[in-house]
>>> print(open('run00.txt').read())   # compact mmCIF, C-alpha atoms
# COMPACT_ATOMS: atom_id res chain seq x y z
CA MET A 1 28.57 86.72 -12.76
CA GLU A 2 27.14 84.88 -15.71
CA ASP A 3 27.43 81.11 -15.66
CA GLU A 4 29.13 81.11 -19.05
CA GLU A 5 31.78 83.57 -17.86
CA LYS A 6 32.35 81.51 -14.72
CA TYR A 7 32.66 78.44 -16.87
CA ARG A 8 35.15 80.11 -19.23
CA LYS A 9 37.29 81.39 -16.39
CA ALA A 10 37.31 78.00 -14.66
CA VAL A 11 38.28 76.29 -17.90
CA ASP A 12 41.02 78.85 -18.54
CA LEU A 13 42.36 78.29 -15.07
CA LEU A 14 42.40 74.53 -15.54
CA LYS A 15 44.04 74.75 -18.95
CA GLY A 16 47.28 75.68 -17.26
CA ALA A 17 47.09 72.73 -14.86
CA GLY A 18 49.19 69.64 -15.22
CA ARG A 19 52.57 71.12 -15.91
CA ILE A 20 55.35 68.69 -15.36
CA ASN A 21 57.89 70.05 -12.88
CA ASP A 22 60.87 67.84 -13.54
CA VAL A 23 61.14 66.14 -16.92
CA ARG A 24 64.53 64.72 -15.92
CA GLN A 25 62.94 62.89 -13.01
CA VAL A 26 60.35 61.32 -15.31
CA GLU A 27 63.19 60.37 -17.64
CA ARG A 28 65.16 58.77 -14.81
CA GLU A 29 62.13 56.84 -13.55
CA VAL A 30 61.26 55.57 -17.03
CA MET A 31 64.86 54.53 -17.64
CA SER A 32 65.01 52.78 -14.29
CA LYS A 33 61.78 50.88 -15.06
CA LEU A 34 63.06 49.90 -18.47
CA TYR A 35 66.35 48.69 -16.96
CA GLU A 36 64.37 46.71 -14.37
CA MET A 37 62.24 45.15 -17.11
CA GLU A 38 65.29 44.24 -19.19
CA ASN A 39 66.86 42.50 -16.21
CA ARG A 40 63.71 40.80 -15.03
CA LYS A 41 64.26 37.07 -15.12
CA SER A 42 62.01 34.84 -17.16
CA PRO A 43 60.11 32.02 -15.31
CA ALA A 44 62.38 29.40 -16.91
CA VAL A 45 65.48 31.14 -15.51
CA ILE A 46 63.85 31.39 -12.06
CA ILE A 47 62.96 27.66 -12.04
CA TYR A 48 66.44 26.73 -13.26
CA GLY A 49 67.95 28.90 -10.55
CA PHE A 50 65.74 27.34 -7.90
CA LEU A 51 66.58 23.78 -8.97
CA PHE A 52 70.26 24.10 -9.92
CA GLY A 53 71.33 27.41 -8.45
CA TRP A 54 73.17 25.63 -5.64
CA THR A 55 75.65 24.25 -8.17
CA GLU A 56 76.97 27.79 -8.57
CA ILE A 57 78.15 27.82 -4.93
CA MET A 58 81.91 27.28 -4.99
CA TRP A 59 82.26 25.11 -1.88
CA VAL A 60 79.39 22.86 -3.08
CA ARG A 61 81.11 22.51 -6.45
CA ARG A 62 84.45 21.57 -4.87
CA SER A 63 82.78 19.08 -2.51
CA LEU A 64 80.96 17.47 -5.43
CA ILE A 65 84.20 17.17 -7.44
CA LEU A 66 85.89 15.54 -4.44
CA ALA A 67 82.94 13.19 -3.87
CA SER A 68 82.93 12.17 -7.54
CA PHE A 69 86.67 11.33 -7.35
CA VAL A 70 86.08 9.21 -4.24
CA LEU A 71 83.21 7.38 -5.95
CA ILE A 72 85.33 6.71 -9.05
CA LEU A 73 88.16 5.32 -6.90
CA MET A 74 85.69 3.13 -4.98
CA PHE A 75 84.27 1.84 -8.25
CA VAL A 76 87.72 0.99 -9.62
CA TYR A 77 88.66 -0.74 -6.35
CA GLN A 78 85.42 -2.78 -6.35
CA GLN A 79 85.90 -3.80 -9.96
CA SER A 80 89.44 -4.97 -9.30
CA LEU A 81 88.18 -6.88 -6.25
CA ILE A 82 85.47 -8.59 -8.33
CA VAL A 83 87.95 -9.53 -11.06
CA ARG A 84 90.32 -10.98 -8.46
CA GLN A 85 87.46 -12.96 -6.88
CA LEU A 86 86.41 -14.29 -10.26
CA ASN A 87 89.96 -15.42 -11.02
CA THR A 88 90.13 -17.21 -7.66
CA LEU A 89 86.73 -18.84 -8.17
CA SER A 90 87.57 -20.03 -11.66
CA SER A 91 90.53 -22.02 -10.28
CA HIS A 92 88.30 -23.80 -7.74
CA ILE A 93 86.57 -27.20 -8.08
CA VAL A 94 82.89 -27.19 -8.88
CA PHE A 95 81.01 -29.65 -6.74
CA ASP A 96 77.88 -30.93 -8.30
CA ASN A 97 75.73 -32.90 -5.89
CA LEU A 98 73.86 -34.99 -8.34
CA ARG A 99 70.95 -37.05 -7.26
CA PRO A 100 70.32 -40.31 -9.16
CA SER A 101 67.79 -39.50 -11.79
CA SER A 102 66.29 -40.83 -14.96
CA SER A 103 67.20 -37.76 -16.94
CA ILE A 104 68.22 -38.03 -20.51
CA GLN A 105 71.70 -38.99 -21.53
CA THR A 106 72.82 -35.53 -22.70
CA GLU A 107 72.10 -34.04 -19.27
CA ARG A 108 74.17 -36.69 -17.54
CA LEU A 109 76.89 -36.21 -20.08
CA THR A 110 76.97 -32.45 -19.44
CA ARG A 111 77.15 -32.93 -15.69
CA LEU A 112 79.88 -35.50 -15.97
CA LYS A 113 81.84 -33.20 -18.26
CA LEU A 114 81.49 -30.47 -15.65
CA ILE A 115 82.92 -32.76 -13.01
CA LYS A 116 85.68 -33.66 -15.41
CA SER A 117 86.52 -30.03 -16.12
CA SER A 118 86.67 -29.27 -12.39
CA ALA A 119 88.94 -32.21 -11.92
CA GLY A 120 91.06 -30.88 -14.75
CA ARG A 121 91.83 -27.78 -12.70
CA MET A 122 93.47 -30.01 -10.15
CA ASP A 123 95.89 -31.05 -12.88
CA GLU A 124 94.66 -34.61 -12.57
CA ASP A 125 93.13 -35.89 -15.77
CA LEU A 126 91.04 -38.64 -14.16
CA LEU A 127 88.65 -39.51 -16.96
CA THR A 128 88.82 -39.29 -20.71
CA ASP A 129 85.80 -38.49 -22.90
CA GLU A 130 85.70 -42.10 -24.13
CA GLN A 131 85.64 -43.45 -20.57
CA ILE A 132 82.75 -41.12 -19.64
CA GLN A 133 80.78 -42.13 -22.70
CA GLN A 134 81.47 -45.83 -21.92
CA MET A 135 80.25 -45.32 -18.35
CA ILE A 136 77.05 -43.67 -19.47
CA ASN A 137 76.38 -46.44 -21.98
CA SER A 138 76.87 -49.12 -19.30
CA TYR A 139 74.55 -47.27 -16.95
CA ASP A 140 71.85 -46.98 -19.59
CA LYS A 141 72.19 -50.66 -20.51
CA LEU A 142 71.94 -51.74 -16.89
CA ARG A 143 68.91 -49.50 -16.32
CA THR A 144 67.12 -50.91 -19.35
CA GLU A 145 67.77 -54.51 -18.24
CA TYR A 146 66.60 -53.85 -14.69
CA GLU A 147 63.45 -52.11 -15.91
CA SER A 148 62.55 -55.26 -17.96
CA LEU A 149 63.34 -57.52 -15.02
CA LEU A 150 61.20 -55.43 -12.63
CA LYS A 151 58.29 -55.55 -15.08
CA ILE A 152 58.48 -59.39 -15.21
CA ILE A 153 58.56 -59.63 -11.39
CA GLU A 154 55.66 -57.15 -11.00
CA ALA A 155 53.59 -59.11 -13.51
CA ASP A 156 54.02 -62.48 -11.64
CA PRO A 157 52.78 -62.42 -7.96
CA GLU A 158 54.48 -65.76 -7.18
CA LEU A 159 57.80 -64.54 -8.43
CA LYS A 160 57.34 -61.24 -6.54
CA ARG A 161 56.66 -63.11 -3.30
CA ILE A 162 59.83 -65.27 -3.77
CA PHE A 163 61.91 -62.16 -4.41
CA ASN A 164 60.48 -60.33 -1.39
CA GLU A 165 61.18 -63.28 0.86
CA ARG A 166 64.69 -63.57 -0.48
CA LEU A 167 65.31 -59.82 0.01
CA SER A 168 63.90 -60.02 3.52
CA ASP A 169 66.26 -62.89 4.35
CA MET A 170 69.21 -60.96 2.98
CA ASN A 171 68.33 -57.90 5.05
CA HIS A 172 67.96 -60.07 8.13
CA GLU A 173 71.43 -61.56 7.57
CA LYS A 174 72.86 -57.97 7.19
CA VAL A 175 71.35 -56.96 10.54
CA LYS A 176 72.85 -60.06 12.20
CA MET A 177 76.25 -59.28 10.82
CA MET B 1 59.11 67.90 -31.78
CA ILE B 2 59.58 64.26 -32.78
CA ASP B 3 60.95 63.56 -36.23
CA LEU B 4 61.25 60.33 -38.15
CA LYS B 5 65.02 60.21 -37.61
CA LEU B 6 64.55 60.18 -33.85
CA ILE B 7 61.88 57.46 -34.13
CA GLU B 8 64.20 55.40 -36.33
CA GLN B 9 67.03 55.75 -33.82
CA CYS B 10 64.71 54.62 -31.00
CA ARG B 11 63.66 51.66 -33.10
CA GLN B 12 67.33 50.67 -33.31
CA GLY B 13 67.56 50.75 -29.50
CA ASN B 14 69.27 54.12 -29.11
CA ILE B 15 68.69 55.13 -25.48
CA GLU B 16 69.88 58.71 -25.94
CA SER B 17 67.30 59.25 -28.67
CA PHE B 18 64.64 57.78 -26.44
CA ARG B 19 65.63 60.25 -23.69
CA LYS B 20 64.89 63.03 -26.19
CA VAL B 21 61.53 61.43 -26.97
CA ILE B 22 60.67 61.33 -23.25
CA GLU B 23 61.74 64.94 -22.86
CA ALA B 24 59.53 66.04 -25.74
CA SER B 25 56.52 63.80 -25.06
CA SER B 26 56.11 63.61 -21.31
CA PRO B 27 54.78 67.22 -20.79
CA PHE B 28 51.89 66.54 -23.22
CA ALA B 29 51.23 63.14 -21.72
CA TYR B 30 51.31 64.43 -18.16
CA SER B 31 49.02 67.36 -18.95
CA VAL B 32 46.29 65.11 -20.37
CA ALA B 33 46.69 62.44 -17.67
CA PHE B 34 46.61 65.00 -14.87
CA LYS B 35 43.44 66.63 -16.20
CA MET B 36 41.70 63.34 -16.84
CA LEU B 37 42.60 61.72 -13.55
CA GLY B 38 42.81 64.70 -11.18
CA ASP B 39 45.66 62.97 -9.36
CA GLU B 40 49.36 63.83 -9.56
CA ASP B 41 50.73 60.41 -8.66
CA LEU B 42 48.39 58.53 -10.95
CA ALA B 43 49.23 60.94 -13.77
CA LYS B 44 52.95 60.31 -13.23
CA ASP B 45 52.35 56.55 -13.30
CA VAL B 46 50.40 56.89 -16.54
CA VAL B 47 53.21 58.94 -18.09
CA GLN B 48 55.78 56.32 -17.10
CA GLU B 49 53.67 53.48 -18.48
CA THR B 50 53.03 55.47 -21.64
CA MET B 51 56.76 56.02 -22.18
CA ILE B 52 57.46 52.33 -21.67
CA THR B 53 54.73 51.44 -24.17
CA ILE B 54 56.27 53.90 -26.62
CA TRP B 55 59.69 52.28 -26.18
CA LYS B 56 58.23 48.84 -26.79
CA LYS B 57 56.04 49.77 -29.76
CA ILE B 58 57.81 52.63 -31.44
CA GLY B 59 58.66 50.26 -34.26
CA HIS B 60 55.02 50.46 -35.37
CA ILE B 61 55.29 54.19 -36.11
CA ARG B 62 56.03 54.85 -39.75
CA THR B 63 55.58 58.66 -39.93
CA ALA B 64 56.29 61.47 -37.48
CA GLN B 65 52.86 63.00 -38.16
CA VAL B 66 50.95 60.17 -36.52
CA TYR B 67 53.22 60.13 -33.47
CA LYS B 68 51.35 62.80 -31.48
CA THR B 69 47.94 61.17 -32.07
CA TRP B 70 49.42 57.80 -31.12
CA LEU B 71 50.95 59.26 -27.94
CA TYR B 72 47.63 60.80 -26.85
CA ARG B 73 45.78 57.60 -27.67
CA ILE B 74 48.06 55.62 -25.38
CA VAL B 75 47.65 58.17 -22.59
CA VAL B 76 43.86 58.27 -22.93
CA ASN B 77 43.59 54.48 -22.93
CA LYS B 78 45.78 54.22 -19.84
CA CYS B 79 43.66 56.89 -18.17
CA TYR B 80 40.52 54.86 -18.96
CA ASP B 81 42.13 51.92 -17.15
CA GLU B 82 43.00 54.09 -14.17
CA LEU B 83 39.52 55.59 -14.04
CA ARG B 84 38.02 52.12 -13.96
CA LYS B 85 40.27 51.26 -11.02
CA ALA B 86 39.60 54.65 -9.39
CA ARG B 87 35.96 53.68 -8.76
CA ARG B 88 37.22 51.46 -5.95
CA ARG B 89 39.36 54.21 -4.39
CA PRO B 90 38.15 56.39 -1.50
CA GLU B 91 36.73 59.82 -2.41
CA VAL B 92 39.08 62.81 -2.16
CA LEU B 93 37.61 65.84 -0.45
CA ALA B 94 38.62 69.42 -1.27
CA ALA B 95 39.22 71.84 1.56
CA GLU B 96 36.59 74.57 1.92
CA SER B 97 39.31 77.19 1.57
CA THR B 98 40.20 75.85 -1.89
CA TRP B 99 36.67 76.53 -3.17
CA VAL B 100 36.67 79.97 -1.58
CA ARG B 101 39.95 80.84 -3.26
CA LEU B 102 38.72 79.45 -6.57
CA SER B 103 35.56 81.49 -6.31
CA ASP B 104 37.57 84.60 -5.52
CA THR B 105 39.98 83.97 -8.35
CA ILE B 106 37.16 83.58 -10.87
CA SER B 107 34.96 86.45 -9.66
CA GLU B 108 37.73 88.95 -9.09
CA ASN B 109 39.82 87.99 -12.08
CA GLY B 110 42.60 87.42 -9.60
CA ALA B 111 45.75 85.56 -10.36
CA ASP B 112 45.84 83.42 -7.24
CA GLU B 113 48.26 80.58 -7.65
CA PHE B 114 46.99 77.08 -6.97
CA THR B 115 49.23 74.21 -6.11
CA ASP B 116 49.19 71.09 -8.26
CA SER B 117 47.44 69.11 -5.54
CA GLU B 118 44.75 71.83 -5.22
CA LEU B 119 44.22 71.85 -8.98
CA ALA B 120 44.07 68.07 -8.95
CA VAL B 121 41.28 68.10 -6.37
CA ILE B 122 39.40 70.88 -8.21
CA ILE B 123 39.52 68.93 -11.49
CA SER B 124 38.62 65.71 -9.74
CA LYS B 125 35.56 67.22 -8.04
CA LEU B 126 34.32 69.23 -11.04
CA THR B 127 34.54 66.25 -13.38
CA GLU B 128 33.50 63.51 -10.94
CA ARG B 129 30.12 62.99 -12.62
CA LEU B 130 31.63 62.53 -16.07
CA SER B 131 32.08 59.14 -17.66
CA PRO B 132 35.62 58.27 -18.83
CA ARG B 133 34.66 59.04 -22.44
CA GLN B 134 33.10 62.37 -21.47
CA LYS B 135 36.20 63.23 -19.46
CA ALA B 136 38.45 62.40 -22.39
CA VAL B 137 36.42 64.54 -24.78
CA PHE B 138 36.14 67.41 -22.30
CA VAL B 139 39.86 67.44 -21.49
CA LEU B 140 41.00 67.14 -25.09
CA SER B 141 38.52 69.64 -26.47
CA GLU B 142 38.15 72.24 -23.73
CA LEU B 143 41.44 72.04 -21.85
CA GLU B 144 43.85 70.90 -24.59
CA GLU B 145 42.00 72.80 -27.35
CA MET B 146 42.05 70.04 -29.88
CA THR B 147 39.80 69.86 -32.93
CA SER B 148 37.09 67.23 -33.25
CA ASP B 149 39.14 65.53 -35.98
CA GLU B 150 42.09 65.20 -33.65
CA ILE B 151 39.86 63.90 -30.84
CA ALA B 152 38.26 61.41 -33.22
CA GLY B 153 41.74 60.18 -34.17
CA ILE B 154 42.74 59.77 -30.52
CA THR B 155 39.57 58.33 -29.02
CA GLY B 156 38.21 56.52 -32.05
CA MET B 157 34.81 58.15 -31.52
CA SER B 158 32.69 59.59 -34.32
CA LYS B 159 32.27 63.36 -34.53
CA THR B 160 28.61 63.05 -33.54
CA SER B 161 29.55 61.06 -30.49
CA ILE B 162 32.21 63.60 -29.60
CA LYS B 163 29.69 66.45 -29.84
CA ALA B 164 27.17 64.61 -27.70
CA ASN B 165 29.74 63.71 -25.07
CA LEU B 166 31.11 67.25 -25.02
CA TYR B 167 27.62 68.71 -24.59
CA HIS B 168 26.94 66.47 -21.56
CA ALA B 169 30.39 67.11 -20.14
CA ARG B 170 30.01 70.90 -20.34
CA LYS B 171 26.55 70.71 -18.78
CA SER B 172 27.79 68.58 -15.91
CA PHE B 173 30.85 70.78 -15.41
CA ARG B 174 28.64 73.89 -15.18
CA GLU B 175 26.39 72.18 -12.67
CA MET B 176 29.36 71.23 -10.53
CA LEU B 177 30.71 74.78 -10.72
CA GLY B 178 27.34 76.02 -9.52
CA LYS B 179 27.40 73.50 -6.71
CA TYR B 180 30.85 74.36 -5.38
CA LEU B 181 31.17 78.06 -6.19
>>> encode(input="run00.txt", output="structure tokens")
Amino acid sequence: MEDEEKYRKAVDLLKGAGRINDVRQVEREVMSKLYEMENRKSPAVIIYGFLFGWTEIMWVRRSLILASFVLILMFVYQQSLIVRQLNTLSSHIVFDNLRPSSSIQTERLTRLKLIKSSAGRMDEDLLTDEQIQQMINSYDKLRTEYESLLKIIEADPELKRIFNERLSDMNHEKVKM
Amino acid sequence: MIDLKLIEQCRQGNIESFRKVIEASSPFAYSVAFKMLGDEDLAKDVVQETMITIWKKIGHIRTAQVYKTWLYRIVVNKCYDELRKARRRPEVLAAESTWVRLSDTISENGADEFTDSELAVIISKLTERLSPRQKAVFVLSELEEMTSDEIAGITGMSKTSIKANLYHARKSFREMLGKYL
């Protein structure tokens, strides 16, 4: 047989190849793939599901609602407790352990006013503003006078010696007593 | 076959119209894919992928005339992809009896029926030396009886290139026939 004839016959035979047996099956498979593609989740949905998917579980939701109610009640209780404590504290005396200092007058005035306001809560108006101011003025006057006196004594060694001796004698008499 | 009304309905998302498109298009697509790939399963996969591509991109089709060329172009391109992957697949061997029966059928003008899997192996072995482009030209020209204009529209090759590829494909096919028969 000629090569060309063999070729022609082979080609003719192969022309009929590749007939689809079941078009419906192809149709079903394509439709199924399309449906699958339509329902395929996007990466954002997958990540959201992974992170927050548990919130969709009913018992987790109910537990969280219950827990949030408990926390709110605890918060309200704590707040009321704090308010009550503050009310109690505000009715108490403030003790200010002041050390003697050479601070400026306004600071002393503030501290004394604080002591006065605490005393006021005891319903005993011990000092008036004028009395406090008078006391501070006397203190400042006394301090100024003593400072001048100390400077004079420090400047004169003879005078310092007399004072020291006198102080020593006084201390000695205190010990005896 | 496919008219513009059907394409328009598919474009609007009508599934029933798309079923009709699959019904009308898949035999052509399968025929080309089967002959190019020489593998039933791969050909079915190509048809499925082609139909999905059609569903996604049918909006680009403006006239019914270009539909068939477009369909074949998708099939051929998907076959190219499969042929590239097929290089890594193990070789399929045809049974000796298949070649004997083929020889008898050709020499005696007999009408022996071959199964699809037998035909797949015969095509695969007889075209195994062809490049993807040669296979495409050979299948479209010799087995699907398309004109060079139609092949140029599908493959994007020039007529000269088609002629050259077809010449080499025929030569190689004859040599393979001589080898096996």
>>> interface_residues(input="run00.txt", of="chain A", to="chain B", cutoff="8 Å", atoms="all atoms listed in the file", output="ChimeraX atom specification")
/A:1,3,6-7,9-12,14-15,17-20,23-24,26-27,29-30,34
>>> atom_distance(input="run00.txt", atom1="CA of Glu128 (chain B)", atom2="CA of Leu37 (chain B)")
9.6 Å
>>> atom_distance(input="run00.txt", atom1="CA of Ala169 (chain B)", atom2="CA of Lys135 (chain B)")
7.0 Å
>>> atom_distance(input="run00.txt", atom1="CA of Thr147 (chain B)", atom2="CA of Glu8 (chain B)")
28.6 Å
>>> axis_aligned_box(input="run00.txt", around="region 7-17 of chain A", padding_each_side="8 Å", output="lines of an AutoDock Vina configuration file")
center_x = 40.0
center_y = 77.1
center_z = -16.9
size_x = 30.6
size_y = 24.7
size_z = 20.6
>>> closest_residue(input="run00.txt", among="B:Ile58, B:Gly13, B:Ser124, B:Asp81", to="Val46 (chain B)", atoms="only C-alpha atoms")
B:Asp81
>>> closest_residue(input="run00.txt", among="B:Glu16, B:Lys125, B:Thr63, B:Lys159", to="Trp99 (chain B)", atoms="all atoms listed in the file")
B:Lys125
>>> closest_residue(input="run00.txt", among="B:Lys163, B:Arg101, B:His60, B:Lys5", to="Ser17 (chain B)", atoms="only C-alpha atoms")
B:Lys5
>>> decode(input="run00.txt", residues="region 153-167 of chain A", atoms="N, CA and C atoms", output="PDB file, in the first residue's frame")
ATOM      1  N   ILE A 153      25.523  87.321 118.138  1.00  0.00           N
ATOM      2  CA  ILE A 153      26.258  86.393 119.016  1.00  0.00           C
ATOM      3  C   ILE A 153      27.379  85.698 118.245  1.00  0.00           C
ATOM      4  N   GLU A 154      27.071  85.266 117.009  1.00  0.00           N
ATOM      5  CA  GLU A 154      28.069  84.569 116.170  1.00  0.00           C
ATOM      6  C   GLU A 154      29.250  85.491 115.873  1.00  0.00           C
ATOM      7  N   ALA A 155      28.954  86.769 115.693  1.00  0.00           N
ATOM      8  CA  ALA A 155      30.004  87.721 115.312  1.00  0.00           C
ATOM      9  C   ALA A 155      30.958  88.039 116.491  1.00  0.00           C
ATOM     10  N   ASP A 156      30.471  87.894 117.748  1.00  0.00           N
ATOM     11  CA  ASP A 156      31.300  88.231 118.931  1.00  0.00           C
ATOM     12  C   ASP A 156      31.652  86.956 119.692  1.00  0.00           C
ATOM     13  N   PRO A 157      32.945  86.487 119.668  1.00  0.00           N
ATOM     14  CA  PRO A 157      33.324  85.217 120.324  1.00  0.00           C
ATOM     15  C   PRO A 157      33.126  85.276 121.838  1.00  0.00           C
ATOM     16  N   GLU A 158      33.350  86.446 122.422  1.00  0.00           N
ATOM     17  CA  GLU A 158      33.201  86.603 123.893  1.00  0.00           C
ATOM     18  C   GLU A 158      31.747  86.398 124.306  1.00  0.00           C
ATOM     19  N   LEU A 159      30.910  87.039 123.551  1.00  0.00           N
ATOM     20  CA  LEU A 159      29.468  86.934 123.804  1.00  0.00           C
ATOM     21  C   LEU A 159      28.987  85.486 123.606  1.00  0.00           C
ATOM     22  N   LYS A 160      29.533  84.828 122.574  1.00  0.00           N
ATOM     23  CA  LYS A 160      29.163  83.442 122.251  1.00  0.00           C
ATOM     24  C   LYS A 160      29.545  82.529 123.404  1.00  0.00           C
ATOM     25  N   ARG A 161      30.756  82.766 123.938  1.00  0.00           N
ATOM     26  CA  ARG A 161      31.264  81.942 125.045  1.00  0.00           C
ATOM     27  C   ARG A 161      30.345  82.101 126.268  1.00  0.00           C
ATOM     28  N   ILE A 162      29.973  83.375 126.581  1.00  0.00           N
ATOM     29  CA  ILE A 162      29.082  83.644 127.736  1.00  0.00           C
ATOM     30  C   ILE A 162      27.752  82.907 127.548  1.00  0.00           C
ATOM     31  N   PHE A 163      27.214  83.003 126.348  1.00  0.00           N
ATOM     32  CA  PHE A 163      25.925  82.340 126.074  1.00  0.00           C
ATOM     33  C   PHE A 163      26.025  80.831 126.218  1.00  0.00           C
ATOM     34  N   ASN A 164      27.128  80.267 125.680  1.00  0.00           N
ATOM     35  CA  ASN A 164      27.319  78.805 125.756  1.00  0.00           C
ATOM     36  C   ASN A 164      27.418  78.342 127.209  1.00  0.00           C
ATOM     37  N   GLU A 165      28.171  79.119 127.976  1.00  0.00           N
ATOM     38  CA  GLU A 165      28.318  78.760 129.397  1.00  0.00           C
ATOM     39  C   GLU A 165      26.958  78.803 130.090  1.00  0.00           C
ATOM     40  N   ARG A 166      26.252  79.891 129.832  1.00  0.00           N
ATOM     41  CA  ARG A 166      24.933  80.057 130.432  1.00  0.00           C
ATOM     42  C   ARG A 166      23.981  78.917 130.059  1.00  0.00           C
ATOM     43  N   LEU A 167      24.012  78.539 128.769  1.00  0.00           N
ATOM     44  CA  LEU A 167      23.150  77.434 128.276  1.00  0.00           C
ATOM     45  C   LEU A 167      23.539  76.123 128.923  1.00  0.00           C
TER      46      LEU A 167
END
